[in-house]
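To be precise, the following lines are work.txt, and they hold compact mmCIF, C-alpha atoms (C1' of nucleotides).
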```
# COMPACT_ATOMS: atom_id res chain seq x y z
CA MET A 143 22.98 19.01 56.50
CA SER A 144 23.95 19.60 60.15
CA SER A 145 27.51 19.04 61.33
CA PRO A 146 28.06 16.22 63.84
CA ASP A 147 28.09 17.03 67.55
CA LEU A 148 31.80 17.24 68.34
CA ASN A 149 31.07 16.59 72.03
CA LEU A 150 30.54 13.01 70.90
CA LEU A 151 34.31 12.76 70.41
CA LEU A 152 34.76 13.00 74.20
CA THR A 153 32.12 10.33 74.70
CA LEU A 154 33.70 8.10 72.07
CA ASP A 155 37.12 8.53 73.67
CA ALA A 156 35.78 7.55 77.11
CA LEU A 157 33.82 4.58 75.74
CA LEU A 158 36.70 3.21 73.69
CA ALA A 159 39.21 3.75 76.47
CA GLU A 160 37.02 2.08 79.11
CA GLY A 161 35.30 -0.54 76.93
CA SER A 162 32.26 -0.26 79.18
CA VAL A 163 29.21 1.97 79.27
CA ALA A 164 29.17 2.00 83.07
CA ARG A 165 32.85 2.94 83.47
CA ALA A 166 32.72 5.51 80.67
CA ALA A 167 29.70 7.03 82.41
CA GLN A 168 31.61 7.17 85.68
CA ARG A 169 34.56 8.82 83.94
CA LEU A 170 32.39 11.55 82.40
CA ARG A 171 30.18 11.83 85.50
CA LEU A 172 27.03 10.69 83.70
CA SER A 173 24.47 8.03 84.51
CA PRO A 174 24.87 4.68 82.68
CA SER A 175 21.62 5.32 80.85
CA ALA A 176 22.81 8.72 79.57
CA MET A 177 26.05 7.08 78.38
CA SER A 178 24.13 4.30 76.71
CA ARG A 179 22.09 6.83 74.80
CA ALA A 180 25.25 8.72 73.85
CA LEU A 181 26.60 5.42 72.50
CA ALA A 182 23.39 5.04 70.50
CA ARG A 183 23.94 8.51 69.03
CA LEU A 184 27.53 7.57 68.17
CA ARG A 185 26.32 4.39 66.47
CA ASP A 186 23.84 6.46 64.49
CA THR A 187 26.47 9.09 63.55
CA THR A 188 29.27 6.70 62.58
CA GLY A 189 27.03 4.03 61.07
CA ASP A 190 28.93 1.38 63.04
CA PRO A 191 27.88 -0.46 66.26
CA LEU A 192 31.33 0.44 67.71
CA LEU A 193 30.82 -1.71 70.86
CA VAL A 194 28.78 -4.90 70.72
CA ARG A 195 27.46 -7.13 73.47
CA ALA A 196 29.70 -10.07 74.42
CA GLY A 197 28.34 -11.78 77.46
CA ARG A 198 27.76 -9.16 80.11
CA GLY A 199 30.24 -6.71 78.65
CA LEU A 200 31.01 -5.04 75.34
CA VAL A 201 33.76 -5.63 72.78
CA PRO A 202 35.00 -3.13 70.18
CA THR A 203 34.33 -3.55 66.48
CA PRO A 204 37.25 -3.25 63.99
CA ARG A 205 36.13 0.31 63.29
CA ALA A 206 36.24 1.11 67.02
CA LEU A 207 39.77 -0.32 67.28
CA GLU A 208 40.78 1.81 64.32
CA LEU A 209 39.31 4.93 65.92
CA ARG A 210 40.53 4.37 69.49
CA GLU A 211 44.03 5.78 69.11
CA ARG A 212 43.01 8.53 66.68
CA VAL A 213 40.22 9.88 68.85
CA GLY A 214 42.52 9.76 71.86
CA HIS A 215 45.10 11.96 70.13
CA LEU A 216 42.37 14.27 68.87
CA VAL A 217 40.89 14.80 72.32
CA ARG A 218 44.32 15.40 73.94
CA GLU A 219 45.13 17.90 71.18
CA ALA A 220 41.80 19.70 71.60
CA GLU A 221 42.25 19.88 75.38
CA ALA A 222 45.74 21.34 74.95
CA MET A 223 44.38 23.87 72.47
CA LEU A 224 41.77 25.10 74.93
CA ARG A 225 44.15 25.44 77.86
CA PRO A 226 45.37 28.98 78.63
CA ALA A 227 48.60 29.66 76.72
CA ALA A 228 51.76 29.04 78.67
CA GLY A 229 54.58 31.57 78.84
CA VAL A 230 56.54 32.01 75.65
CA ASP A 231 60.09 30.66 75.28
CA LEU A 232 61.75 33.80 73.90
CA ARG A 233 65.10 32.13 73.12
CA ARG A 234 63.31 29.67 70.81
CA LEU A 235 60.59 31.97 69.48
CA VAL A 236 60.68 32.29 65.66
CA ARG A 237 58.26 34.93 64.48
CA THR A 238 57.95 38.08 62.39
CA PHE A 239 56.07 41.02 63.88
CA THR A 240 54.83 43.80 61.63
CA LEU A 241 54.95 47.26 63.19
CA ARG A 242 53.39 50.32 61.67
CA GLY A 243 54.61 53.77 62.55
CA SER A 244 54.66 57.30 61.23
CA ASP A 245 57.58 58.55 59.24
CA GLY A 246 60.58 58.67 61.58
CA PHE A 247 59.53 55.85 63.91
CA VAL A 248 62.00 53.37 62.43
CA GLU A 249 64.81 55.92 62.30
CA ASN A 250 64.26 57.05 65.88
CA PHE A 251 63.18 53.94 67.79
CA GLY A 252 64.09 51.13 65.36
CA PRO A 253 67.74 50.63 66.34
CA ALA A 254 67.03 50.35 70.08
CA LEU A 255 64.04 48.12 69.44
CA VAL A 256 65.96 45.76 67.16
CA GLU A 257 68.78 45.55 69.71
CA HIS A 258 66.34 44.92 72.55
CA LEU A 259 64.67 42.10 70.62
CA ARG A 260 67.97 40.57 69.50
CA ALA A 261 69.11 40.31 73.12
CA GLU A 262 65.92 38.62 74.34
CA ALA A 263 64.57 36.75 71.31
CA PRO A 264 67.14 36.28 68.51
CA GLY A 265 64.60 34.45 66.32
CA VAL A 266 62.22 37.39 66.19
CA ARG A 267 62.20 39.62 63.12
CA LEU A 268 60.62 43.05 62.82
CA HIS A 269 58.88 44.23 59.69
CA PHE A 270 58.50 48.02 59.86
CA ARG A 271 55.79 49.52 57.71
CA GLN A 272 55.16 53.15 56.97
CA LYS A 273 51.90 54.60 58.27
CA THR A 274 50.06 56.11 55.33
CA SER A 275 46.67 56.33 57.08
CA LYS A 276 45.03 55.74 60.44
CA ASP A 277 42.89 52.91 59.07
CA SER A 278 42.38 50.18 61.71
CA ALA A 279 41.55 47.47 59.14
CA PRO A 280 45.16 46.15 58.91
CA LEU A 281 45.14 45.60 62.70
CA ARG A 282 41.82 43.83 62.42
CA ASP A 283 42.85 41.55 59.57
CA GLY A 284 46.31 40.84 61.00
CA THR A 285 48.29 42.60 58.24
CA ILE A 286 50.01 44.52 61.02
CA ASP A 287 50.55 43.35 64.61
CA LEU A 288 51.17 46.65 66.34
CA ASP A 289 50.50 50.24 65.39
CA THR A 290 51.90 53.46 66.85
CA GLY A 291 50.59 56.96 66.63
CA VAL A 292 48.19 59.48 68.09
CA VAL A 293 44.81 58.08 69.17
CA ASP A 294 41.88 60.21 68.05
CA ALA A 295 38.17 60.01 67.29
CA GLY A 296 38.94 58.10 64.10
CA THR A 297 40.46 55.16 66.00
CA SER A 298 38.10 52.15 66.00
CA PRO A 299 36.54 51.64 69.46
CA GLU A 300 37.50 47.97 69.67
CA ILE A 301 41.22 48.74 69.29
CA HIS A 302 43.30 48.52 72.50
CA THR A 303 45.63 51.45 73.16
CA ARG A 304 48.38 52.28 75.60
CA ALA A 305 50.20 55.60 75.86
CA LEU A 306 53.94 55.41 75.16
CA PHE A 307 55.06 58.99 75.77
CA ARG A 308 53.96 62.60 75.58
CA ASP A 309 55.63 64.88 73.11
CA ARG A 310 55.74 68.57 72.18
CA PHE A 311 56.59 70.37 69.00
CA ILE A 312 59.91 72.21 68.73
CA GLY A 313 61.46 74.32 66.01
CA VAL A 314 64.36 73.05 63.88
CA VAL A 315 66.78 74.88 61.56
CA ARG A 316 70.24 74.18 60.19
CA HIS A 317 73.27 75.32 62.20
CA GLY A 318 74.21 78.80 61.08
CA HIS A 319 70.62 79.71 60.30
CA PRO A 320 69.74 83.25 61.52
CA LEU A 321 67.33 81.73 64.08
CA SER A 322 70.19 79.76 65.65
CA ASN A 323 71.45 83.01 67.17
CA GLY A 324 69.59 85.21 69.62
CA PRO A 325 66.14 85.12 71.18
CA ILE A 326 63.30 83.92 68.98
CA SER A 327 60.17 86.03 69.22
CA PRO A 328 56.86 84.95 67.60
CA ALA A 329 57.27 87.71 65.04
CA ARG A 330 60.86 86.76 64.19
CA TYR A 331 59.84 83.10 63.92
CA ALA A 332 56.85 83.86 61.71
CA ALA A 333 58.95 86.01 59.39
CA GLY A 334 60.96 83.00 58.17
CA ARG A 335 60.08 80.52 55.42
CA HIS A 336 58.67 77.24 56.71
CA VAL A 337 58.22 73.60 55.76
CA LEU A 338 54.97 72.08 56.98
CA VAL A 339 54.56 68.36 57.76
CA SER A 340 51.13 67.07 56.83
CA ARG A 341 50.28 63.48 55.95
CA GLN A 342 46.87 64.57 54.68
CA GLY A 343 48.35 67.33 52.55
CA LEU A 344 46.78 70.18 54.56
CA ASP A 345 48.28 73.64 54.07
CA ARG A 346 48.22 74.74 57.73
CA GLY A 347 48.75 73.13 61.10
CA LEU A 348 48.82 73.66 64.88
CA VAL A 349 51.63 76.23 64.66
CA ASP A 350 49.63 78.33 62.17
CA GLU A 351 46.66 78.36 64.55
CA ALA A 352 48.89 79.43 67.44
CA LEU A 353 50.42 82.23 65.33
CA GLN A 354 47.00 83.34 64.16
CA ALA A 355 45.93 83.76 67.80
CA LEU A 356 48.77 86.32 68.07
CA GLY A 357 47.75 88.02 64.84
CA LEU A 358 50.70 86.55 62.93
CA GLN A 359 51.00 84.47 59.80
CA ARG A 360 53.94 82.48 58.45
CA GLU A 361 54.91 81.60 54.88
CA ILE A 362 54.62 77.88 54.12
CA ALA A 363 57.22 77.42 51.40
CA SER A 364 56.92 73.64 51.27
CA ILE A 365 54.65 70.83 52.45
CA VAL A 366 55.96 67.29 53.02
CA ASP A 367 54.28 64.15 54.31
CA GLY A 368 56.87 63.14 56.89
CA PHE A 369 59.30 64.40 59.51
CA CYS A 370 62.36 62.88 57.80
CA ALA A 371 61.66 64.79 54.60
CA ALA A 372 61.13 68.00 56.58
CA LEU A 373 64.44 67.59 58.43
CA ALA A 374 66.23 66.75 55.18
CA LEU A 375 64.97 69.98 53.64
CA VAL A 376 65.84 71.99 56.74
CA SER A 377 69.39 70.64 56.81
CA VAL A 378 70.28 72.02 53.37
CA SER A 379 68.20 75.21 53.25
CA ASP A 380 67.06 78.19 55.31
CA LEU A 381 63.65 76.57 55.84
CA ILE A 382 62.24 76.21 59.36
CA SER A 383 60.28 73.20 60.53
CA ALA A 384 58.29 72.18 63.61
CA VAL A 385 58.60 68.52 64.62
CA PRO A 386 57.83 66.45 67.76
CA GLU A 387 60.82 66.61 70.08
CA ARG A 388 61.08 63.01 71.32
CA TYR A 389 59.84 61.46 68.12
CA THR A 390 62.72 62.98 66.14
CA ARG A 391 65.46 62.98 68.82
CA ASN A 392 67.81 60.70 66.85
CA LEU A 393 67.14 62.54 63.59
CA ARG A 394 68.21 66.04 64.62
CA GLY A 395 71.85 65.37 65.54
CA HIS A 396 73.38 67.96 63.18
CA LEU A 397 70.50 70.45 63.35
CA TYR A 398 69.72 73.34 65.69
CA SER A 399 66.58 72.85 67.80
CA PHE A 400 64.73 75.49 69.77
CA ALA A 401 61.54 75.91 71.81
CA LEU A 402 58.73 77.30 69.69
CA PRO A 403 57.83 80.91 70.56
CA VAL A 404 54.15 79.92 70.50
CA THR A 405 52.25 77.38 72.57
CA THR A 406 51.02 74.27 70.77
CA PRO A 407 49.12 71.41 72.40
CA GLU A 408 51.14 68.38 73.55
CA ILE A 409 50.53 65.11 71.76
CA THR A 410 50.44 61.60 73.22
CA VAL A 411 52.02 58.87 71.13
CA SER A 412 50.42 55.49 71.82
CA MET A 413 50.64 51.93 70.63
CA LEU A 414 47.52 50.30 69.25
CA TRP A 415 46.64 46.63 68.84
CA HIS A 416 43.62 44.47 68.14
CA PRO A 417 41.88 42.59 71.00
CA ARG A 418 42.55 39.37 69.05
CA THR A 419 46.24 39.60 70.03
CA ASN A 420 45.71 40.93 73.55
CA SER A 421 46.30 37.61 75.34
CA ASP A 422 49.00 36.28 73.02
CA PRO A 423 52.09 36.01 75.28
CA ALA A 424 54.51 36.80 72.44
CA HIS A 425 52.50 39.89 71.51
CA LYS A 426 52.38 40.94 75.17
CA TRP A 427 56.16 40.67 75.29
CA LEU A 428 56.49 42.74 72.08
CA ARG A 429 54.28 45.48 73.56
CA ASP A 430 56.40 45.47 76.67
CA CYS A 431 59.56 45.84 74.56
CA VAL A 432 58.12 48.80 72.63
CA ARG A 433 56.98 50.42 75.87
CA GLN A 434 60.44 50.04 77.43
CA VAL A 435 62.28 51.33 74.38
CA CYS A 436 60.01 54.36 74.09
CA ALA A 437 60.32 55.07 77.81
CA GLN A 438 64.12 55.32 77.61
C1' DA B 268 23.72 -10.51 89.89
C1' DA B 269 25.91 -7.29 86.77
C1' DG B 270 25.84 -4.49 83.01
C1' DA B 271 23.30 -2.55 78.92
C1' DT B 272 19.15 -0.70 77.16
C1' DT B 273 14.63 1.54 77.09
C1' DA B 274 10.36 4.19 78.72
C1' DC B 275 9.14 8.16 80.78
C1' DC B 276 9.78 12.67 82.67
C1' DG B 277 11.81 17.20 83.49
C1' DA B 278 15.18 20.86 82.36
C1' DC B 279 17.09 23.56 79.04
C1' DC B 280 17.81 25.70 74.62
C1' DC B 281 16.42 27.38 70.16
C1' DT B 282 13.08 29.18 66.98
C1' DA B 283 8.89 31.18 65.46
C1' DT B 284 5.33 34.27 66.46
C1' DA B 285 2.74 37.94 68.56
C1' DC B 286 2.77 42.29 70.51
C1' DA B 287 4.15 46.78 72.50
C1' DT C 253 13.50 46.61 67.55
C1' DG C 254 13.11 44.34 71.85
C1' DT C 255 10.45 41.26 74.84
C1' DA C 256 7.30 37.59 76.16
C1' DT C 257 5.44 33.17 75.13
C1' DA C 258 4.54 28.66 73.07
C1' DG C 259 6.17 24.60 70.91
C1' DG C 260 9.59 21.33 69.46
C1' DG C 261 14.00 19.05 69.97
C1' DT C 262 17.80 17.35 72.73
C1' DC C 263 19.83 15.44 76.61
C1' DG C 264 20.30 13.58 81.30
C1' DG C 265 18.18 11.27 85.42
C1' DT C 266 15.25 7.58 87.58
C1' DA C 267 13.19 3.33 87.32
C1' DA C 268 12.10 -0.70 84.92
C1' DT C 269 13.39 -4.27 81.72
C1' DC C 270 16.38 -7.19 79.06
C1' DT C 271 20.49 -10.19 78.34
C1' DT C 272 23.98 -13.14 79.76
```

For this file, produce the structure as structure tokens.
Amino acid sequence: MSSPDLNLLLTLDALLAEGSVARAAQRLRLSPSAMSRALARLRDTTGDPLLVRAGRGLVPTPRALELRERVGHLVREAEAMLRPAAGVDLRRLVRTFTLRGSDGFVENFGPALVEHLRAEAPGVRLHFRQKTSKDSAPLRDGTIDLDTGVVDAGTSPEIHTRALFRDRFIGVVRHGHPLSNGPISPARYAAGRHVLVSRQGLDRGLVDEALQALGLQREIASIVDGFCAALALVSVSDLISAVPERYTRNLRGHLYSFALPVTTPEITVSMLWHPRTNSDPAHKWLRDCVRQVCAQ
DNA sequence: AAGATTACCGACCCTATACA
DNA sequence: TGTATAGGGTCGGTAATCTT
């Protein structure tokens, strides 16, 4: 069974509003004959004559009178739905956005972001979710609204991305740690005991590759799946960790940071969103907020 | 005479089929 | 798998016809 032609709703609206085939035709820029045939299709679809001859003109049937107001509302509603979205009223916006970020995103950027949103849109709530994988499916199905992280070959091609900031890895130890005094050579750095951050559970990373190029090797004493855990371990032990500088700025207040004695590639942290939300004015505003907070 | 309807025709779209 | 073609269906226009 085929669904009815919804274009007929526009025809019905014009016919019932005008009460005349000729005037309805004029309104929809059709010939009277085309409108007459459209009326015939409507009669066939609804099973009601809708407009019947009365002298030279037409008069509505009870069913037509019943439909007149309803179809009018329906058409206005549909037209409004298809118009480009107007700007969003931030003071009255009530909405929850779900943001996904790697370990440390909330701790580092969350406070500024929440404050920024509170000032502009007090009805907006943020739901921060931990990034346990790079899977794009939650963006696609709307489970999360905005993702942050490093874009790589595994990122789905349809996903929109925008760079937020570039970052570089630095070394971190507790204050009073031997490395907090004096120059740090690659050999001196490699001689310490290290904590490696790896979400995938790998046992070596970029720093190990850089050390290997110099003929050095470090001892990985511990592997954790997030920067917060690494910094927590570093703060109460003699372990050494390498973390992104900007990404962990607010988390290293009581720790000693230093430039790594080896060169590691810079990373670009981006935000990622699905094309479905690209034109949504509220989502646009959220992206702008995240961009501003991360640029500070 | 005015407005509604119908016959006929062309344009367009969709689908099935053949073929490279 | 992609492209070309034929056939059928739908819809709108013109012109003619019908109804009041």

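Using all atoms listed in the file, the part of chain C that sits within 8 Å of chain A is made up of C:DC263, C:DG264, C:DG265, C:DT271, C:DT272.
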
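Our summary of the geometry notes that CA of Thr203 in chain A is positioned 24.8 Å from CA of Arg171 in chain A.
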
| task | Tell me, as a list in words, which residues lie within 8 Å of Phe270 in chain A, counting all atoms listed in the file; anything in the same chain fewer than 2 positions away does not count. | result | Thr240, Leu241, Arg242, Gly243, Val248, Leu268 and Gln272 of chain A

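Residues of protein, DNA and RNA with at least one atom no farther than 8 Å from (22.4, -0.8, 79.1) are, using all atoms listed in the file, Val163, Pro174, Ser175 and Ser178 of chain A; DG270, DA271 and DT272 of chain B.
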
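The closest residue to chain B, picked from A:Thr187, A:Gly318, A:Val194, A:Gly291 and counting all atoms listed in the file, is A:Val194.
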
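Of note, CA of Glu211 in chain A and CA of Leu154 in chain A are spaced 11.0 Å apart.
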
| Got a sec: who's within 12 Å of DC280 in chain B, counting only C-alpha atoms (C1' of nucleotides), leaving out chain neighbours fewer than 4 positions off, as JSON, numbers by chain? | {"C": [260, 261, 262, 263]}

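The interatomic distance for the pair CA of Gly343 in chain A and CA of Pro320 in chain A works out to 28.1 Å.
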
I'd like the neighbourhood of DA256 in chain C as a PDB file with C-alpha atoms (C1' of nucleotides), in the coordinates of the input, where a residue qualifies if any of its atoms comes within 12 Å (using all atoms listed in the file), though same-chain residues fewer than 5 positions away should be ignored.
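around-v7.pdb, written as the output of this step:
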```
ATOM      1  C1'  DT B 284       5.330  34.270  66.460  1.00  0.00           C
ATOM      2  C1'  DA B 285       2.740  37.940  68.560  1.00  0.00           C
ATOM      3  C1'  DC B 286       2.770  42.290  70.510  1.00  0.00           C
ATOM      4  C1'  DA B 287       4.150  46.780  72.500  1.00  0.00           C
TER       5       DA B 287
END
```

| note | Closest of A:Asp231, A:Asp147, A:Asp287, A:Asp367 to Leu428 in chain A, counting all atoms listed in the file, is A:Asp287

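Between chain B and the candidates A:Leu200, A:Val378, A:Ala295, A:Ala159, the tightest atom-to-atom separation, counting all atoms listed in the file, involves A:Leu200.
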